[in-house]
>>> print(open('input37.txt').read())   # compact mmCIF, C-alpha atoms and all ligand atoms
# COMPACT_ATOMS: atom_id res chain seq x y z
CA MET V 1 2.01 -100.64 -22.83
CA GLU V 2 1.10 -97.33 -24.37
CA ILE V 3 0.24 -94.59 -21.83
CA ILE V 4 -2.03 -91.95 -23.34
CA THR V 5 -2.95 -88.73 -21.55
CA LYS V 6 -4.21 -86.41 -24.33
CA ARG V 7 -7.45 -86.78 -26.24
CA GLU V 8 -5.75 -86.06 -29.58
CA ASP V 9 -3.21 -88.83 -28.88
CA LEU V 10 -6.07 -91.17 -28.06
CA LEU V 11 -7.73 -90.41 -31.39
CA ALA V 12 -4.42 -90.94 -33.25
CA TRP V 13 -3.81 -94.21 -31.37
CA LYS V 14 -7.32 -95.42 -32.20
CA SER V 15 -6.70 -94.78 -35.91
CA GLN V 16 -3.57 -96.91 -36.04
CA SER V 17 -4.16 -99.64 -38.57
CA SER V 18 -3.62 -102.53 -36.15
CA ASN V 19 -6.18 -101.13 -33.69
CA GLN V 20 -8.60 -100.45 -36.54
CA ALA V 21 -8.19 -103.98 -37.83
CA LYS V 22 -8.51 -105.78 -34.48
CA GLY V 23 -11.06 -103.47 -32.86
CA ILE V 24 -10.89 -102.31 -29.25
CA THR V 25 -12.14 -103.87 -26.04
CA PHE V 26 -12.41 -101.14 -23.43
CA VAL V 27 -12.20 -101.47 -19.63
CA PRO V 28 -13.02 -98.17 -17.89
CA THR V 29 -11.89 -97.66 -14.28
CA MET V 30 -11.28 -94.97 -11.70
CA GLY V 31 -7.90 -96.43 -10.72
CA ALA V 32 -6.74 -97.71 -7.32
CA LEU V 33 -6.71 -101.00 -9.19
CA HIS V 34 -7.08 -104.38 -7.52
CA ALA V 35 -7.50 -107.98 -8.59
CA GLY V 36 -11.18 -107.36 -9.45
CA HIS V 37 -10.16 -104.85 -12.11
CA MET V 38 -7.50 -107.25 -13.35
CA SER V 39 -10.11 -109.96 -13.84
CA LEU V 40 -11.86 -107.58 -16.27
CA ILE V 41 -8.59 -106.99 -18.16
CA GLU V 42 -8.03 -110.74 -18.35
CA LEU V 43 -11.53 -111.30 -19.71
CA ALA V 44 -10.97 -108.46 -22.21
CA LEU V 45 -7.67 -109.97 -23.38
CA HIS V 46 -9.43 -113.23 -24.22
CA ARG V 47 -11.52 -111.42 -26.83
CA GLY V 48 -8.53 -111.08 -29.15
CA ARG V 49 -8.93 -107.34 -29.72
CA THR V 50 -6.64 -104.52 -28.63
CA VAL V 51 -7.32 -103.88 -24.93
CA LEU V 52 -7.54 -100.30 -23.71
CA SER V 53 -8.18 -99.45 -20.08
CA SER V 54 -8.82 -95.99 -18.68
CA ILE V 55 -8.10 -94.43 -15.32
CA PHE V 56 -10.20 -91.36 -14.70
CA ILE V 57 -11.79 -90.27 -11.45
CA ASN V 58 -14.94 -88.69 -12.82
CA PRO V 59 -15.98 -85.84 -10.50
CA LEU V 60 -19.47 -85.76 -12.03
CA GLN V 61 -20.43 -89.09 -10.46
CA PHE V 62 -19.53 -88.16 -6.88
CA ASN V 63 -22.24 -86.75 -4.64
CA HIS V 64 -19.97 -85.40 -1.92
CA ALA V 65 -16.79 -83.37 -2.40
CA GLY V 66 -15.32 -85.23 0.60
CA ASP V 67 -15.85 -88.62 -1.05
CA LEU V 68 -14.18 -87.39 -4.23
CA ALA V 69 -11.21 -85.97 -2.30
CA ALA V 70 -10.82 -89.17 -0.28
CA TYR V 71 -10.99 -91.46 -3.33
CA PRO V 72 -7.73 -93.48 -3.32
CA LYS V 73 -5.15 -92.67 -5.98
CA THR V 74 -2.34 -95.15 -6.72
CA PRO V 75 -1.19 -94.34 -10.29
CA GLU V 76 2.22 -96.03 -10.07
CA SER V 77 0.89 -99.31 -8.82
CA ASP V 78 -2.03 -99.08 -11.33
CA LEU V 79 0.35 -98.77 -14.27
CA HIS V 80 2.48 -101.60 -12.95
CA MET V 81 -0.55 -103.87 -12.63
CA LEU V 82 -1.88 -103.05 -16.10
CA GLN V 83 1.54 -103.60 -17.67
CA HIS V 84 1.94 -106.88 -15.81
CA ALA V 85 -1.51 -107.99 -17.04
CA CYS V 86 -0.42 -107.27 -20.67
CA CYS V 87 -2.99 -104.54 -21.23
CA ASP V 88 -2.15 -102.86 -24.57
CA ALA V 89 -2.82 -99.24 -23.65
CA VAL V 90 -4.15 -97.04 -20.89
CA TYR V 91 -5.87 -93.67 -21.19
CA MET V 92 -5.24 -91.42 -18.15
CA PRO V 93 -6.68 -88.05 -19.11
CA GLU V 94 -6.82 -84.87 -17.10
CA TYR V 95 -10.26 -83.44 -16.50
CA ASN V 96 -10.08 -80.94 -19.40
CA GLN V 97 -9.34 -83.71 -21.91
CA VAL V 98 -12.66 -85.39 -21.11
CA TYR V 99 -14.67 -82.23 -20.51
CA PRO V 100 -12.98 -79.61 -22.75
CA GLU V 101 -15.95 -77.27 -22.51
CA GLY V 102 -16.02 -77.35 -18.69
CA ILE V 103 -18.99 -78.74 -16.87
CA ALA V 104 -21.69 -78.99 -19.52
CA VAL V 105 -23.67 -81.90 -18.21
CA GLU V 106 -25.90 -83.58 -20.76
CA HIS V 107 -29.08 -85.23 -19.61
CA PHE V 108 -29.58 -88.90 -20.46
CA ASP V 109 -32.92 -90.62 -20.25
CA LEU V 110 -32.22 -93.48 -17.84
CA GLY V 111 -35.85 -94.03 -16.87
CA GLU V 112 -36.57 -95.76 -13.57
CA LEU V 113 -32.99 -96.92 -13.21
CA GLU V 114 -32.12 -93.47 -12.04
CA GLU V 115 -34.81 -93.30 -9.40
CA ARG V 116 -34.27 -96.49 -7.46
CA LEU V 117 -31.56 -97.93 -5.20
CA GLU V 118 -28.26 -96.17 -6.01
CA GLY V 119 -30.20 -93.66 -8.11
CA ALA V 120 -32.32 -92.66 -5.11
CA PHE V 121 -29.46 -92.54 -2.61
CA ARG V 122 -26.95 -90.88 -4.93
CA PRO V 123 -28.88 -88.27 -6.95
CA GLY V 124 -27.07 -87.38 -10.18
CA HIS V 125 -24.62 -90.27 -9.84
CA PHE V 126 -25.80 -92.18 -12.90
CA GLN V 127 -26.05 -89.00 -14.99
CA GLY V 128 -22.36 -88.54 -14.13
CA VAL V 129 -21.58 -92.12 -15.13
CA ALA V 130 -23.55 -91.75 -18.39
CA ASN V 131 -21.84 -88.45 -19.23
CA VAL V 132 -18.31 -89.76 -18.84
CA LEU V 133 -18.92 -93.07 -20.58
CA TYR V 134 -20.78 -91.40 -23.45
CA ARG V 135 -17.72 -89.20 -24.05
CA LEU V 136 -15.24 -92.04 -23.71
CA PHE V 137 -17.26 -94.35 -25.98
CA LYS V 138 -17.54 -91.58 -28.62
CA ASP V 139 -13.77 -91.01 -28.57
CA ILE V 140 -12.65 -94.63 -28.29
CA GLU V 141 -15.36 -96.29 -30.44
CA PRO V 142 -14.83 -99.66 -28.76
CA ALA V 143 -16.33 -102.84 -30.19
CA GLU V 144 -16.89 -104.05 -26.62
CA VAL V 145 -16.83 -102.68 -23.10
CA VAL V 146 -16.21 -104.92 -20.07
CA LEU V 147 -17.79 -103.90 -16.76
CA GLY V 148 -18.07 -105.54 -13.36
CA LEU V 149 -21.41 -106.93 -12.20
CA LYS V 150 -20.44 -105.74 -8.72
CA ASP V 151 -21.83 -102.37 -9.82
CA TYR V 152 -24.97 -104.08 -11.05
CA GLN V 153 -27.15 -101.03 -11.52
CA GLN V 154 -24.30 -99.22 -13.28
CA PHE V 155 -24.05 -102.18 -15.66
CA MET V 156 -27.75 -101.76 -16.45
CA VAL V 157 -27.32 -98.00 -16.94
CA VAL V 158 -24.57 -98.70 -19.48
CA GLN V 159 -26.80 -101.21 -21.23
CA GLU V 160 -29.44 -98.46 -21.50
CA LEU V 161 -26.84 -95.99 -22.78
CA GLY V 162 -25.76 -98.59 -25.32
CA ARG V 163 -29.34 -99.25 -26.46
CA GLN V 164 -29.94 -95.54 -27.05
CA HIS V 165 -26.60 -94.33 -28.42
CA PHE V 166 -24.25 -97.21 -29.24
CA PRO V 167 -26.37 -100.04 -30.64
CA ALA V 168 -23.35 -101.91 -32.05
CA LEU V 169 -21.43 -101.87 -28.77
CA GLN V 170 -21.11 -105.24 -27.06
CA ILE V 171 -21.55 -104.79 -23.29
CA THR V 172 -20.12 -107.56 -21.16
CA GLY V 173 -20.62 -108.03 -17.42
CA ALA V 174 -17.91 -109.82 -15.46
CA PRO V 175 -18.53 -111.66 -12.17
CA THR V 176 -17.60 -110.03 -8.87
CA LEU V 177 -14.20 -110.98 -7.52
CA ARG V 178 -14.16 -111.38 -3.75
CA GLU V 179 -11.53 -111.50 -1.09
CA GLU V 180 -11.13 -114.79 0.79
CA SER V 181 -13.33 -113.30 3.53
CA GLY V 182 -16.16 -112.93 1.00
CA LEU V 183 -15.93 -109.13 0.85
CA ALA V 184 -16.26 -107.88 -2.73
CA MET V 185 -13.00 -106.29 -3.83
CA SER V 186 -13.29 -102.52 -4.06
CA SER V 187 -10.94 -99.56 -4.21
CA ARG V 188 -12.83 -98.25 -1.19
CA ASN V 189 -11.80 -101.26 0.95
CA ARG V 190 -8.44 -99.55 1.47
CA ARG V 191 -10.22 -97.03 3.68
CA LEU V 192 -11.52 -99.66 6.11
CA SER V 193 -9.94 -100.26 9.52
CA VAL V 194 -9.34 -103.89 10.50
CA ALA V 195 -12.61 -103.99 12.47
CA GLU V 196 -14.58 -102.28 9.67
CA HIS V 197 -13.13 -104.70 7.13
CA GLN V 198 -14.06 -107.70 9.26
CA GLN V 199 -17.60 -106.49 9.82
CA ALA V 200 -18.08 -105.64 6.13
CA SER V 201 -16.94 -109.22 5.38
CA PHE V 202 -19.61 -110.57 7.75
CA VAL V 203 -22.23 -108.67 5.75
CA ALA V 204 -20.92 -110.15 2.48
CA GLN V 205 -20.95 -113.65 4.00
CA GLN V 206 -24.65 -113.27 4.81
CA LEU V 207 -25.34 -112.31 1.19
CA MET V 208 -23.44 -115.30 -0.13
CA ARG V 209 -25.42 -117.69 2.06
CA LEU V 210 -28.53 -116.63 0.15
CA GLN V 211 -28.11 -119.29 -2.49
CA GLU V 212 -29.00 -122.00 0.08
CA VAL V 213 -31.01 -119.95 2.53
CA HIS V 214 -33.48 -118.55 0.02
CA ARG V 215 -35.09 -121.95 -0.39
CA THR V 216 -35.96 -122.12 3.29
CA MET V 217 -37.55 -118.73 4.08
CA SER V 218 -39.26 -115.76 2.45
CA PHE V 219 -37.30 -112.68 1.43
CA GLU V 220 -38.94 -110.60 4.17
CA THR V 221 -37.95 -113.15 6.83
CA TRP V 222 -34.39 -113.27 5.54
CA LYS V 223 -34.23 -109.49 5.36
CA SER V 224 -35.42 -108.98 8.94
CA GLN V 225 -32.97 -111.61 10.24
CA PHE V 226 -30.21 -110.00 8.19
CA LEU V 227 -30.98 -106.52 9.56
CA VAL V 228 -31.03 -107.84 13.14
CA PHE V 229 -27.64 -109.46 12.49
CA CYS V 230 -26.26 -106.17 11.10
CA GLN V 231 -27.40 -104.37 14.24
CA THR V 232 -24.94 -106.54 16.20
CA LEU V 233 -22.08 -105.11 14.10
CA PRO V 234 -21.21 -101.67 15.50
CA SER V 235 -19.45 -100.41 12.33
CA ILE V 236 -22.29 -101.36 9.97
CA ARG V 237 -25.21 -99.20 8.91
CA VAL V 238 -27.38 -100.63 6.13
CA GLU V 239 -28.75 -98.08 3.68
CA TYR V 240 -30.88 -100.45 1.62
CA VAL V 241 -31.30 -104.14 0.97
CA GLU V 242 -33.71 -105.02 -1.82
CA LEU V 243 -34.77 -107.91 -3.97
CA ALA V 244 -35.23 -107.21 -7.70
CA GLU V 245 -35.76 -108.94 -11.01
CA GLN V 246 -32.36 -109.45 -12.54
CA LYS V 247 -33.29 -108.23 -16.02
CA SER V 248 -35.41 -105.18 -15.21
CA LEU V 249 -34.30 -104.36 -11.67
CA ARG V 250 -37.98 -104.07 -10.81
CA GLN V 251 -38.51 -104.55 -7.08
CA LEU V 252 -39.82 -107.95 -5.92
CA THR V 253 -41.40 -108.78 -2.59
CA ASP V 254 -40.41 -112.45 -2.68
CA TRP V 255 -38.25 -114.89 -4.62
CA PRO V 256 -39.67 -115.28 -8.14
CA ASN V 257 -40.95 -118.60 -9.47
CA GLU V 258 -39.55 -117.75 -12.87
CA GLY V 259 -36.56 -115.72 -13.97
CA LYS V 260 -33.53 -114.75 -11.99
CA ALA V 261 -33.46 -112.37 -9.06
CA VAL V 262 -30.76 -110.23 -7.51
CA VAL V 263 -30.40 -108.97 -3.95
CA LEU V 264 -28.77 -105.54 -3.88
CA ILE V 265 -27.33 -103.85 -0.85
CA ALA V 266 -25.64 -100.59 0.12
CA PHE V 267 -24.15 -100.16 3.57
CA TYR V 268 -21.63 -98.15 5.49
CA SER V 269 -18.78 -99.75 7.35
CA GLY V 270 -17.55 -96.88 9.49
CA ALA V 271 -17.44 -93.87 7.16
CA THR V 272 -17.00 -95.93 3.99
CA ARG V 273 -20.00 -96.66 1.79
CA LEU V 274 -19.93 -100.05 0.05
CA ILE V 275 -22.28 -101.77 -2.39
CA ASP V 276 -22.66 -105.43 -3.19
CA ASN V 277 -25.17 -107.79 -4.73
CA PHE V 278 -25.92 -111.46 -5.07
CA ILE V 279 -27.50 -112.98 -8.15
CA LEU V 280 -29.59 -116.02 -7.30
CA ALA V 281 -29.07 -118.88 -9.72
P1 LIG V 301 -14.20 -98.57 -10.51
O1 LIG V 301 -12.73 -98.32 -10.66
O2 LIG V 301 -14.63 -98.84 -9.11
O3 LIG V 301 -15.04 -97.55 -11.23
O4 LIG V 301 -14.46 -99.94 -11.25
C1 LIG V 301 -14.11 -100.13 -12.59
C2 LIG V 301 -14.75 -101.40 -13.09
O5 LIG V 301 -14.29 -102.50 -12.31
C3 LIG V 301 -16.27 -101.37 -12.97
O6 LIG V 301 -16.84 -101.96 -14.13
C4 LIG V 301 -16.52 -102.20 -11.74
O7 LIG V 301 -17.78 -102.82 -11.73
C5 LIG V 301 -15.41 -103.22 -11.85
N1 LIG V 301 -15.12 -103.83 -10.55
C6 LIG V 301 -14.91 -103.18 -9.37
N2 LIG V 301 -14.74 -104.06 -8.37
C7 LIG V 301 -14.85 -105.30 -8.92
C8 LIG V 301 -14.79 -106.64 -8.41
N3 LIG V 301 -14.58 -106.89 -7.11
N4 LIG V 301 -14.94 -107.67 -9.28
C9 LIG V 301 -15.17 -107.44 -10.59
N5 LIG V 301 -15.24 -106.20 -11.14
C10 LIG V 301 -15.09 -105.15 -10.31
>>> encode(input="input37.txt", output="structure tokens", more="lines below")
Ligand code: AMP
Amino acid sequence: MEIITKREDLLAWKSQSSNQAKGITFVPTMGALHAGHMSLIELALHRGRTVLSSIFINPLQFNHAGDLAAYPKTPESDLHMLQHACCDAVYMPEYNQVYPEGIAVEHFDLGELEERLEGAFRPGHFQGVANVLYRLFKDIEPAEVVLGLKDYQQFMVVQELGRQHFPALQITGAPTLREESGLAMSSRNRRLSVAEHQQASFVAQQLMRLQEVHRTMSFETWKSQFLVFCQTLPSIRVEYVELAEQKSLRQLTDWPNEGKAVVLIAFYSGATRLIDNFILA
């Protein structure tokens, strides 16, 4: 596996004839890799193109310096996992390779996506995501990018970025990989104590019951029962739980008769903020 750290080496690698001929499927990450990330690499490998992953903790998308500082970093194990998965190359740039001109944040028009849910609770977060991915997409020129549906709103932000700036880019969403307990895999799970992990898993289990439960009660009834349940879990503090149209992310007050819906949630388990969602079939 090729390990690339400099932007100029990335551009040279991209221009190699085999990569030009096959095209590139790109899997961006912030490292601290787990099986969820590997499922994206596996999906990417099935496309038959050259697979490039990236590991870059993008400071622009963090709202709190403390959260950025505490973000787990496991570069040795990351490289081992990517190599083992047969990823072709990984880009691990320093900050100045991605932002050579320092912090010159561009503004992207993300519409309502930026104002709701994660956008409302993490001001500037999606501008940070759009900035880094815009730069990486420009440099890498991938034919396809593979993203996890776990970060559902981020997936929609990238679709918007694609519509506006990279119309030929194929944007693929991969299903959320969960631990046996039901908890969605996340780099942040490493920060949970045993009790926090267990209680976060209980929250995820409630979400996953939605597929059956939603036929028997309204969303508001489910939501109030869910919030009462969460109050019995001392580590858990729910930030939001909302029902939305899957395609537009427009808020819904009850299950739709037509079209798919998604329930999105953000909550703290102890000091760790987690997000999850459940797409109703
Ligand atoms: P991150 O390193 O957290 O920025 O995540 C990198 C990519 O992996 C994003 O597209 C995430 O949505 C995706 N991802 C993170 N956790 C999971 C998971 N449990 N299952 C599938 N994809 C995931």
>>> residues_near_point(input="input37.txt", point="(-7.4, -96.9, -18.6)", cutoff="10 Å", atoms="all atoms listed in the file", output="JSON list (two decimals) with C-alpha atoms, in the frame of the given file")
[["chain", "number", "residue", "atom", "x", "y", "z"],
["V", 3, "ILE", "CA", 0.24, -94.59, -21.83],
["V", 4, "ILE", "CA", -2.03, -91.95, -23.34],
["V", 5, "THR", "CA", -2.95, -88.73, -21.55],
["V", 26, "PHE", "CA", -12.41, -101.14, -23.43],
["V", 27, "VAL", "CA", -12.20, -101.47, -19.63],
["V", 28, "PRO", "CA", -13.02, -98.17, -17.89],
["V", 29, "THR", "CA", -11.89, -97.66, -14.28],
["V", 30, "MET", "CA", -11.28, -94.97, -11.70],
["V", 31, "GLY", "CA", -7.90, -96.43, -10.72],
["V", 51, "VAL", "CA", -7.32, -103.88, -24.93],
["V", 52, "LEU", "CA", -7.54, -100.30, -23.71],
["V", 53, "SER", "CA", -8.18, -99.45, -20.08],
["V", 54, "SER", "CA", -8.82, -95.99, -18.68],
["V", 55, "ILE", "CA", -8.10, -94.43, -15.32],
["V", 56, "PHE", "CA", -10.20, -91.36, -14.70],
["V", 78, "ASP", "CA", -2.03, -99.08, -11.33],
["V", 79, "LEU", "CA", 0.35, -98.77, -14.27],
["V", 82, "LEU", "CA", -1.88, -103.05, -16.10],
["V", 87, "CYS", "CA", -2.99, -104.54, -21.23],
["V", 88, "ASP", "CA", -2.15, -102.86, -24.57],
["V", 89, "ALA", "CA", -2.82, -99.24, -23.65],
["V", 90, "VAL", "CA", -4.15, -97.04, -20.89],
["V", 91, "TYR", "CA", -5.87, -93.67, -21.19],
["V", 92, "MET", "CA", -5.24, -91.42, -18.15],
["V", 93, "PRO", "CA", -6.68, -88.05, -19.11]]
>>> closest_residue(input="input37.txt", among="V:Arg116, V:His125, V:Arg47, V:Arg178", to="ligand LIG 301 (chain V)", atoms="all atoms listed in the file")
V:Arg178
>>> atom_distance(input="input37.txt", atom1="atom CA of V:Arg7", atom2="atom CA of V:Tyr95")
10.7 Å
>>> closest_residue(input="input37.txt", among="V:Gln153, V:Ser187, V:Ser181, V:Asn277", to="V:Ile57", atoms="only C-alpha atoms")
V:Ser187
>>> closest_atom_pairs(input="input37.txt", of="chain V", to="ligand LIG 301 (chain V)", cutoff="6 Å", atoms="only C-alpha atoms and all ligand atoms", output="CSV")
residue,atom,partner,partner_atom,distance
V:Pro28,CA,V:LIG301,C1,5.8
V:Thr29,CA,V:LIG301,C1,3.7
V:Met30,CA,V:LIG301,O1,3.8
V:Gly31,CA,V:LIG301,O1,5.2
V:Gly36,CA,V:LIG301,N4,3.8
V:His37,CA,V:LIG301,O5,4.8
V:Leu147,CA,V:LIG301,O6,3.4
V:Gly148,CA,V:LIG301,O7,3.2
V:Leu149,CA,V:LIG301,O7,5.5
V:Lys150,CA,V:LIG301,O7,5.0
V:Asp151,CA,V:LIG301,O7,4.5
V:Pro175,CA,V:LIG301,C9,5.6
V:Thr176,CA,V:LIG301,N4,3.6
V:Leu177,CA,V:LIG301,N4,3.8
V:Arg178,CA,V:LIG301,N3,5.6
V:Ala184,CA,V:LIG301,N3,4.8
V:Met185,CA,V:LIG301,N3,3.7
V:Ser186,CA,V:LIG301,N2,4.8
>>> write_last_selection(input="input37.txt", atoms="C-alpha atoms", output="compact mmCIF listing (two decimals), keeping the file's coordinate frame")
# COMPACT_ATOMS: atom_id res chain seq x y z
CA PRO V 28 -13.02 -98.17 -17.89
CA THR V 29 -11.89 -97.66 -14.28
CA MET V 30 -11.28 -94.97 -11.70
CA GLY V 31 -7.90 -96.43 -10.72
CA GLY V 36 -11.18 -107.36 -9.45
CA HIS V 37 -10.16 -104.85 -12.11
CA LEU V 147 -17.79 -103.90 -16.76
CA GLY V 148 -18.07 -105.54 -13.36
CA LEU V 149 -21.41 -106.93 -12.20
CA LYS V 150 -20.44 -105.74 -8.72
CA ASP V 151 -21.83 -102.37 -9.82
CA PRO V 175 -18.53 -111.66 -12.17
CA THR V 176 -17.60 -110.03 -8.87
CA LEU V 177 -14.20 -110.98 -7.52
CA ARG V 178 -14.16 -111.38 -3.75
CA ALA V 184 -16.26 -107.88 -2.73
CA MET V 185 -13.00 -106.29 -3.83
CA SER V 186 -13.29 -102.52 -4.06
